[in-house]
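Below: protein30.cif (mmCIF, C-alpha atoms)
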data_protein
loop_
_atom_site.label_atom_id
_atom_site.label_comp_id
_atom_site.auth_asym_id
_atom_site.auth_seq_id
_atom_site.Cartn_x
_atom_site.Cartn_y
_atom_site.Cartn_z
CA MET O 219 3.67 13.84 -17.17
CA THR O 220 3.23 10.08 -17.35
CA LEU O 221 0.21 8.06 -16.28
CA ALA O 222 0.53 4.31 -15.68
CA TYR O 223 -2.38 1.89 -15.78
CA ILE O 224 -0.49 -1.44 -15.73
CA PRO O 225 1.76 -2.82 -12.94
CA PRO O 226 4.64 -2.64 -12.24
CA ALA O 227 4.45 1.13 -11.76
CA SER O 228 5.13 3.36 -8.78
CA ILE O 229 5.59 6.98 -7.77
CA GLU O 230 7.73 8.54 -5.01
CA CYS O 231 7.28 12.12 -3.85
CA ASP O 232 7.19 14.53 -0.93
CA GLU O 233 3.45 15.11 -1.28
CA ALA O 234 0.88 13.10 -3.24
CA SER O 235 -2.71 13.78 -4.32
CA ILE O 236 -4.95 10.78 -3.85
CA LYS O 237 -8.40 9.88 -5.11
CA THR O 238 -9.89 6.72 -3.66
CA ARG O 239 -13.09 5.08 -2.45
CA ARG O 240 -11.52 3.22 0.49
CA ILE O 241 -8.34 3.64 2.52
CA VAL O 242 -7.13 0.71 4.61
CA THR O 243 -4.47 1.79 7.10
CA ARG O 244 -2.08 -0.70 8.70
CA PRO O 245 0.13 -0.67 11.81
CA PRO O 246 3.42 1.21 11.35
CA GLN O 247 6.64 -0.55 10.41
CA ARG O 248 10.20 0.20 11.48
CA ASN O 249 12.03 1.76 8.57
CA GLN O 250 14.75 -0.60 7.27
CA ASN O 251 15.74 1.63 4.34
CA SER O 252 18.74 3.76 5.37
CA ARG O 253 18.08 6.26 2.56
CA LEU O 254 14.82 7.38 4.17
CA LYS O 255 15.42 9.48 7.28
CA ARG O 256 12.31 8.49 9.22
CA PRO O 257 12.09 5.99 12.10
CA LEU O 258 8.60 4.71 11.25
CA ILE O 259 6.72 4.22 8.00
CA TYR O 260 2.93 3.96 7.77
CA PRO O 261 1.67 1.43 5.18
CA PHE O 262 -1.77 1.79 3.59
CA LYS O 263 -3.84 0.35 0.79
CA LEU O 264 -6.17 2.27 -1.54
CA ASP O 265 -9.02 0.08 -2.69
CA LEU O 266 -12.07 0.14 -4.99
CA ASN O 267 -10.48 2.05 -7.87
CA SER O 268 -7.90 4.67 -6.96
CA GLU O 269 -5.56 7.26 -8.39
CA ALA O 270 -2.34 8.78 -7.02
CA TYR O 271 -0.38 11.71 -8.49
CA VAL O 272 2.88 13.46 -7.61
CA LYS O 273 2.09 16.90 -6.18
CA LYS O 274 5.47 17.88 -4.74
CA GLU O 275 8.74 16.33 -5.95
CA LEU O 276 11.39 14.75 -3.74
CA LYS O 277 14.42 16.82 -2.70
CA PRO O 278 16.91 15.58 -3.86
CA LYS O 279 14.98 14.07 -6.75
CA GLU O 280 16.19 10.49 -6.38
CA PRO O 281 14.08 7.35 -5.89
CA ILE O 282 14.36 5.68 -2.47
CA PHE O 283 12.40 2.41 -2.63
CA ASP O 284 12.24 1.59 -6.36
CA SER O 285 14.72 2.81 -8.97
CA LYS O 286 11.97 2.76 -11.65
CA SER O 287 9.57 5.01 -9.70
CA MET O 288 8.16 8.07 -11.46
CA LEU O 289 9.22 11.32 -9.77
CA ASN O 290 7.94 14.30 -11.83
CA VAL O 291 5.04 16.55 -10.87
CA GLY O 292 1.87 15.25 -12.51
CA ASP O 293 3.09 11.66 -12.89
CA GLY O 294 0.48 9.24 -11.63
CA ILE O 295 -0.78 5.70 -11.27
CA ILE O 296 -4.38 4.66 -11.82
CA GLY O 297 -5.89 1.26 -11.07
CA ALA O 298 -8.13 -1.00 -8.97
CA ILE O 299 -5.73 -1.44 -6.03
CA ILE O 300 -2.83 0.79 -5.03
CA SER O 301 -0.65 0.04 -2.00
CA GLY O 302 2.06 2.15 -0.47
CA LEU O 303 3.52 3.85 2.55
CA SER O 304 3.93 7.33 3.92
CA GLY O 305 6.40 8.96 6.29
CA LEU O 306 3.60 10.50 8.37
CA PRO O 307 0.21 9.03 9.35
CA ILE O 308 -2.60 9.93 6.95
CA ARG O 309 -4.98 12.62 8.24
CA LYS O 310 -8.27 11.43 6.79
CA ASN O 311 -10.11 14.43 8.20
CA ARG O 312 -8.39 16.53 5.55
CA ALA O 313 -10.20 14.55 2.86
CA THR O 314 -13.02 16.00 0.83
CA VAL O 315 -15.72 13.72 -0.49
CA LYS O 316 -17.12 14.70 -3.87
CA LYS O 317 -18.14 13.23 -7.21
CA GLY O 318 -15.38 10.86 -8.31
CA SER O 319 -16.89 9.20 -11.37
CA GLY O 320 -20.17 8.94 -13.25
CA THR O 321 -21.58 6.57 -10.64
CA HIS O 322 -19.66 7.02 -7.36
CA LYS O 323 -18.36 9.60 -4.95
CA ALA O 324 -14.72 9.40 -3.84
CA SER O 325 -12.38 10.81 -1.19
CA PHE O 326 -9.81 13.34 -2.40
CA LEU O 327 -6.88 14.06 -0.11
CA ASP O 328 -3.20 15.01 -0.03
CA ILE O 329 -0.67 12.87 1.83
CA GLU O 330 2.36 14.68 3.24
CA GLY O 331 5.75 13.52 4.36
CA PHE O 332 7.47 11.03 2.13
CA VAL O 333 5.06 8.99 -0.05
CA TYR O 334 5.76 5.81 -2.04
CA VAL O 335 2.79 4.18 -3.78
CA LYS O 336 2.70 1.40 -6.33
CA LEU O 337 0.04 -0.05 -8.57
CA GLU O 338 -0.89 -3.49 -7.28
CA LYS O 339 -3.79 -4.40 -9.54
CA ALA O 340 -4.97 -2.80 -12.79
CA PHE O 341 -8.61 -2.15 -13.66
CA ARG O 342 -10.52 -5.35 -14.37
CA GLY O 343 -11.06 -4.49 -18.06
CA ILE O 344 -7.36 -3.79 -18.67
CA GLU O 345 -6.40 -6.97 -16.78
CA ALA O 346 -8.82 -9.07 -18.87
CA LYS O 347 -7.53 -7.56 -22.13
CA ARG O 348 -3.93 -8.33 -21.13
CA TYR O 349 -4.94 -11.92 -20.31
CA LEU O 350 -6.66 -12.37 -23.67
CA THR O 351 -3.81 -10.90 -25.70
CA SER O 352 -0.96 -12.68 -23.88
CA MET F 217 -4.95 -9.27 13.83
CA LYS F 218 -5.57 -8.07 17.40
CA THR F 219 -2.60 -5.72 17.11
CA SER F 220 -4.10 -4.20 13.97
CA LEU F 221 -7.48 -3.70 15.63
CA ASP F 222 -5.90 -2.11 18.71
CA TYR F 223 -3.74 0.19 16.60
CA ASN F 224 -6.72 1.19 14.44
CA GLY F 225 -8.60 2.10 17.63
CA TYR F 226 -5.87 4.56 18.58
CA TYR F 227 -5.63 5.78 14.98
CA ILE F 228 -9.36 6.58 14.92
CA ALA F 229 -8.96 8.43 18.26
CA TYR F 230 -6.14 10.45 16.65
CA LEU F 231 -8.31 11.27 13.64
CA LEU F 232 -11.10 12.43 15.94
CA ASP F 233 -8.62 14.73 17.75
CA GLN F 234 -8.89 12.75 21.00
CA LEU F 235 -5.12 12.18 20.90
CA SER F 236 -2.46 14.77 20.18
CA GLU F 237 0.21 14.15 17.52
CA GLU F 238 2.89 13.51 20.22
CA GLU F 239 0.68 11.02 22.07
CA PHE F 240 -0.15 9.19 18.84
CA ASN F 241 3.52 9.04 17.80
CA MET F 242 4.40 7.44 21.16
CA ILE F 243 1.61 4.85 20.76
CA ALA F 244 2.59 4.16 17.13
CA GLU F 245 6.13 3.42 18.31
CA THR F 246 4.82 0.65 20.61
CA TYR F 247 2.83 -0.96 17.76
CA ALA F 248 5.63 -0.70 15.16
CA ILE F 249 6.59 -4.02 13.59
CA THR F 250 9.79 -5.15 11.90
CA LEU F 251 9.35 -7.13 8.68
CA GLU F 252 11.16 -10.43 8.06
CA THR F 253 13.35 -10.25 4.97
CA GLU F 254 14.38 -13.92 4.88
CA GLU F 255 12.16 -16.59 3.37
CA SER F 256 11.29 -19.51 5.68
CA GLU F 257 9.59 -22.85 4.97
CA GLU F 258 7.28 -22.30 7.93
CA THR F 259 5.89 -19.06 6.45
CA ILE F 260 5.35 -20.69 3.04
CA GLU F 261 3.43 -23.55 4.70
CA LYS F 262 1.29 -21.04 6.62
CA ILE F 263 0.50 -19.15 3.39
CA LYS F 264 -0.53 -22.42 1.71
CA ILE F 265 -2.87 -23.19 4.63
CA LEU F 266 -4.36 -19.68 4.45
CA PHE F 267 -5.20 -20.09 0.76
CA LYS F 268 -6.55 -23.60 1.40
CA ILE F 269 -9.03 -22.56 4.08
CA SER F 270 -9.95 -19.19 2.61
CA ARG F 271 -11.40 -18.35 -0.80
CA GLU F 272 -10.11 -14.79 -0.63
CA ASN F 273 -7.65 -13.51 -3.24
CA PHE F 274 -4.95 -12.04 -1.01
CA SER F 275 -2.60 -9.52 -2.59
CA PRO F 276 1.15 -9.39 -1.74
CA SER F 277 0.54 -6.40 0.57
CA ASP F 278 -2.13 -8.39 2.48
CA ILE F 279 0.25 -11.35 2.89
CA SER F 280 3.02 -8.98 3.94
CA THR F 281 0.80 -7.53 6.70
CA ILE F 282 -0.60 -10.86 7.93
CA PHE F 283 2.72 -12.72 8.13
CA ARG F 284 4.96 -9.69 8.75
CA ILE F 285 7.23 -10.39 5.81
CA ASP F 286 8.73 -8.11 3.19
CA GLU F 287 6.20 -7.24 0.46
CA GLU F 288 8.58 -8.02 -2.41
CA MET F 289 9.27 -11.43 -0.88
CA ALA F 290 5.51 -12.01 -0.41
CA GLY F 291 5.01 -11.34 -4.14
CA LYS F 292 7.72 -13.84 -5.07
CA ILE F 293 6.28 -16.52 -2.74
CA LEU F 294 2.77 -16.04 -4.18
CA ALA F 295 4.09 -16.21 -7.76
CA ASN F 296 5.98 -19.45 -6.95
CA LEU F 297 2.95 -21.02 -5.24
CA LYS F 298 0.79 -20.09 -8.23
CA ASP F 299 3.31 -21.64 -10.66
CA MET F 300 3.40 -24.82 -8.58
CA LYS F 301 -0.45 -24.91 -8.54
CA HIS F 302 -0.56 -24.78 -4.74
CA ILE F 303 -2.96 -21.85 -4.97
CA GLU F 304 -5.65 -20.97 -7.49
CA GLY F 305 -4.71 -18.68 -10.36
CA SER F 306 -5.54 -15.07 -9.68
CA GLU F 307 -4.94 -11.81 -11.50
CA ASP F 308 -3.78 -10.26 -8.23
CA PHE F 309 -0.13 -11.17 -8.55
#

Go ahead and render the structure in this file as structure tokens.
Amino acid sequence: MTLAYIPPASIECDEASIKTRRIVTRPPQRNQNSRLKRPLIYPFKLDLNSEAYVKKELKPKEPIFDSKSMLNVGDGIIGAIISGLSGLPIRKNRATVKKGSGTHKASFLDIEGFVYVKLEKAFRGIEAKRYLTS
Amino acid sequence: MKTSLDYNGYYIAYLLDQLSEEEFNMIAETYAITLETEESEETIEKIKILFKISRENFSPSDISTIFRIDEEMAGKILANLKDMKHIEGSEDF
């Protein structure tokens, strides 16, 4: 089980568990990756501090979009902004809203079909520390 | 932008169970876009203008959606523009 807090990091799986405060969905795109057997892919962006974990592994367990993606159950990415795509449209009405941190509630939901998500921006504190130490 | 708003209207209808899965899939097919994978000068100029007139910090996925270009390519263009000081430094990319 590996957790990544700094980009570049991504996960690919059959089913993912998501925790987020805002989901931005975008119009579907035609799939141009021949290794994914779906005609359309549905991009989305998870904003305002989010987490994504592998719930169900890919079969066969081989990365499709990024060869460095994490694939094991429990692997996850945590950060300020996460973007990605799914093979099926997200059903937000399956989300449950409950306490997500000490100060905010968050939506918890599972995304089915193929899921590829990558960390786009780390938490502000981690980003600032990296800037100061580089 | 209008396409996104229209699509989101149908998507909300789907989430509220006003559209069946088959109906939504047919509508999604009509709104599906194909991303450009080749870099063009025109797109780079448009991105420069966007950053000039807006103070927003757009991420590569935002640029990819707005200009319908590949996300990886959007990241490279933003990194180049940042190096060449065409856009303000940001931690986003």

Inset, instruction - Enter the distance from CA of Ile263 in chain F to CA of Arg348 in chain O, in Å, rounded to one decimal. - result: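 Those two atoms sit 27.2 Å apart.
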
Inset, instruction - Using only C-alpha atoms, find the one residue out of F:Ser277, F:Ser236, F:Ser256, F:Asn296 that sits nearest to Thr243 in chain O. - result: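 Result for the nearest residue to Thr243 in chain O: F:Ser277.
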
Legend entry - Between CA of Lys263 in chain O and CA of Arg244 in chain O, distance in Å (one decimal):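 One can read the CA of Lys263 in chain O to CA of Arg244 in chain O distance as 8.2 Å.
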
Legend entry - Counting all atoms listed in the file, chain F residues within 12 Å of chain O, as a PyMOL selection string: chain F and resi 217-233+237+240-253+273-278+280-282+284-288+291+306-309

Legend entry - Explicit residues for the PyMOL selection byres ((chain O and resi 335) around 12) (as a ChimeraX atom specification): /O:225-236,260-264,268-272,281-284,287-289,293-297,299-305,329,332-334,336-338 /F:277

Only C-alpha atoms, please: the residues just picked out, written as a PDB file, keeping the file's coordinate frame.
ATOM      1  CA  PRO O 225       1.760  -2.820 -12.940  1.00  0.00           C
ATOM      2  CA  PRO O 226       4.640  -2.640 -12.240  1.00  0.00           C
ATOM      3  CA  ALA O 227       4.450   1.130 -11.760  1.00  0.00           C
ATOM      4  CA  SER O 228       5.130   3.360  -8.780  1.00  0.00           C
ATOM      5  CA  ILE O 229       5.590   6.980  -7.770  1.00  0.00           C
ATOM      6  CA  GLU O 230       7.730   8.540  -5.010  1.00  0.00           C
ATOM      7  CA  CYS O 231       7.280  12.120  -3.850  1.00  0.00           C
ATOM      8  CA  ASP O 232       7.190  14.530  -0.930  1.00  0.00           C
ATOM      9  CA  GLU O 233       3.450  15.110  -1.280  1.00  0.00           C
ATOM     10  CA  ALA O 234       0.880  13.100  -3.240  1.00  0.00           C
ATOM     11  CA  SER O 235      -2.710  13.780  -4.320  1.00  0.00           C
ATOM     12  CA  ILE O 236      -4.950  10.780  -3.850  1.00  0.00           C
ATOM     13  CA  TYR O 260       2.930   3.960   7.770  1.00  0.00           C
ATOM     14  CA  PRO O 261       1.670   1.430   5.180  1.00  0.00           C
ATOM     15  CA  PHE O 262      -1.770   1.790   3.590  1.00  0.00           C
ATOM     16  CA  LYS O 263      -3.840   0.350   0.790  1.00  0.00           C
ATOM     17  CA  LEU O 264      -6.170   2.270  -1.540  1.00  0.00           C
ATOM     18  CA  SER O 268      -7.900   4.670  -6.960  1.00  0.00           C
ATOM     19  CA  GLU O 269      -5.560   7.260  -8.390  1.00  0.00           C
ATOM     20  CA  ALA O 270      -2.340   8.780  -7.020  1.00  0.00           C
ATOM     21  CA  TYR O 271      -0.380  11.710  -8.490  1.00  0.00           C
ATOM     22  CA  VAL O 272       2.880  13.460  -7.610  1.00  0.00           C
ATOM     23  CA  PRO O 281      14.080   7.350  -5.890  1.00  0.00           C
ATOM     24  CA  ILE O 282      14.360   5.680  -2.470  1.00  0.00           C
ATOM     25  CA  PHE O 283      12.400   2.410  -2.630  1.00  0.00           C
ATOM     26  CA  ASP O 284      12.240   1.590  -6.360  1.00  0.00           C
ATOM     27  CA  SER O 287       9.570   5.010  -9.700  1.00  0.00           C
ATOM     28  CA  MET O 288       8.160   8.070 -11.460  1.00  0.00           C
ATOM     29  CA  LEU O 289       9.220  11.320  -9.770  1.00  0.00           C
ATOM     30  CA  ASP O 293       3.090  11.660 -12.890  1.00  0.00           C
ATOM     31  CA  GLY O 294       0.480   9.240 -11.630  1.00  0.00           C
ATOM     32  CA  ILE O 295      -0.780   5.700 -11.270  1.00  0.00           C
ATOM     33  CA  ILE O 296      -4.380   4.660 -11.820  1.00  0.00           C
ATOM     34  CA  GLY O 297      -5.890   1.260 -11.070  1.00  0.00           C
ATOM     35  CA  ILE O 299      -5.730  -1.440  -6.030  1.00  0.00           C
ATOM     36  CA  ILE O 300      -2.830   0.790  -5.030  1.00  0.00           C
ATOM     37  CA  SER O 301      -0.650   0.040  -2.000  1.00  0.00           C
ATOM     38  CA  GLY O 302       2.060   2.150  -0.470  1.00  0.00           C
ATOM     39  CA  LEU O 303       3.520   3.850   2.550  1.00  0.00           C
ATOM     40  CA  SER O 304       3.930   7.330   3.920  1.00  0.00           C
ATOM     41  CA  GLY O 305       6.400   8.960   6.290  1.00  0.00           C
ATOM     42  CA  ILE O 329      -0.670  12.870   1.830  1.00  0.00           C
ATOM     43  CA  PHE O 332       7.470  11.030   2.130  1.00  0.00           C
ATOM     44  CA  VAL O 333       5.060   8.990  -0.050  1.00  0.00           C
ATOM     45  CA  TYR O 334       5.760   5.810  -2.040  1.00  0.00           C
ATOM     46  CA  LYS O 336       2.700   1.400  -6.330  1.00  0.00           C
ATOM     47  CA  LEU O 337       0.040  -0.050  -8.570  1.00  0.00           C
ATOM     48  CA  GLU O 338      -0.890  -3.490  -7.280  1.00  0.00           C
TER      49      GLU O 338
ATOM     50  CA  SER F 277       0.540  -6.400   0.570  1.00  0.00           C
TER      51      SER F 277
END

Legend entry - d(CA of Val291 in chain O, CA of Glu275 in chain O) in Å: 6.2 Å

Legend entry - Of the listed residues O:Leu350, O:Met219, O:Ile241, O:Ile224, that which approaches Ala313 in chain O most closely, counting all atoms listed in the file: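 Ranking O:Leu350, O:Met219, O:Ile241, O:Ile224 by distance to Ala313 in chain O, first place goes to O:Ile241.
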
Legend entry - Shortest interatomic distance to Met289 in chain F - which of F:Glu239, F:Thr259, F:Lys301, F:Gln234, counting all atoms listed in the file: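 The answer is F:Thr259, which sits nearest to Met289 in chain F.
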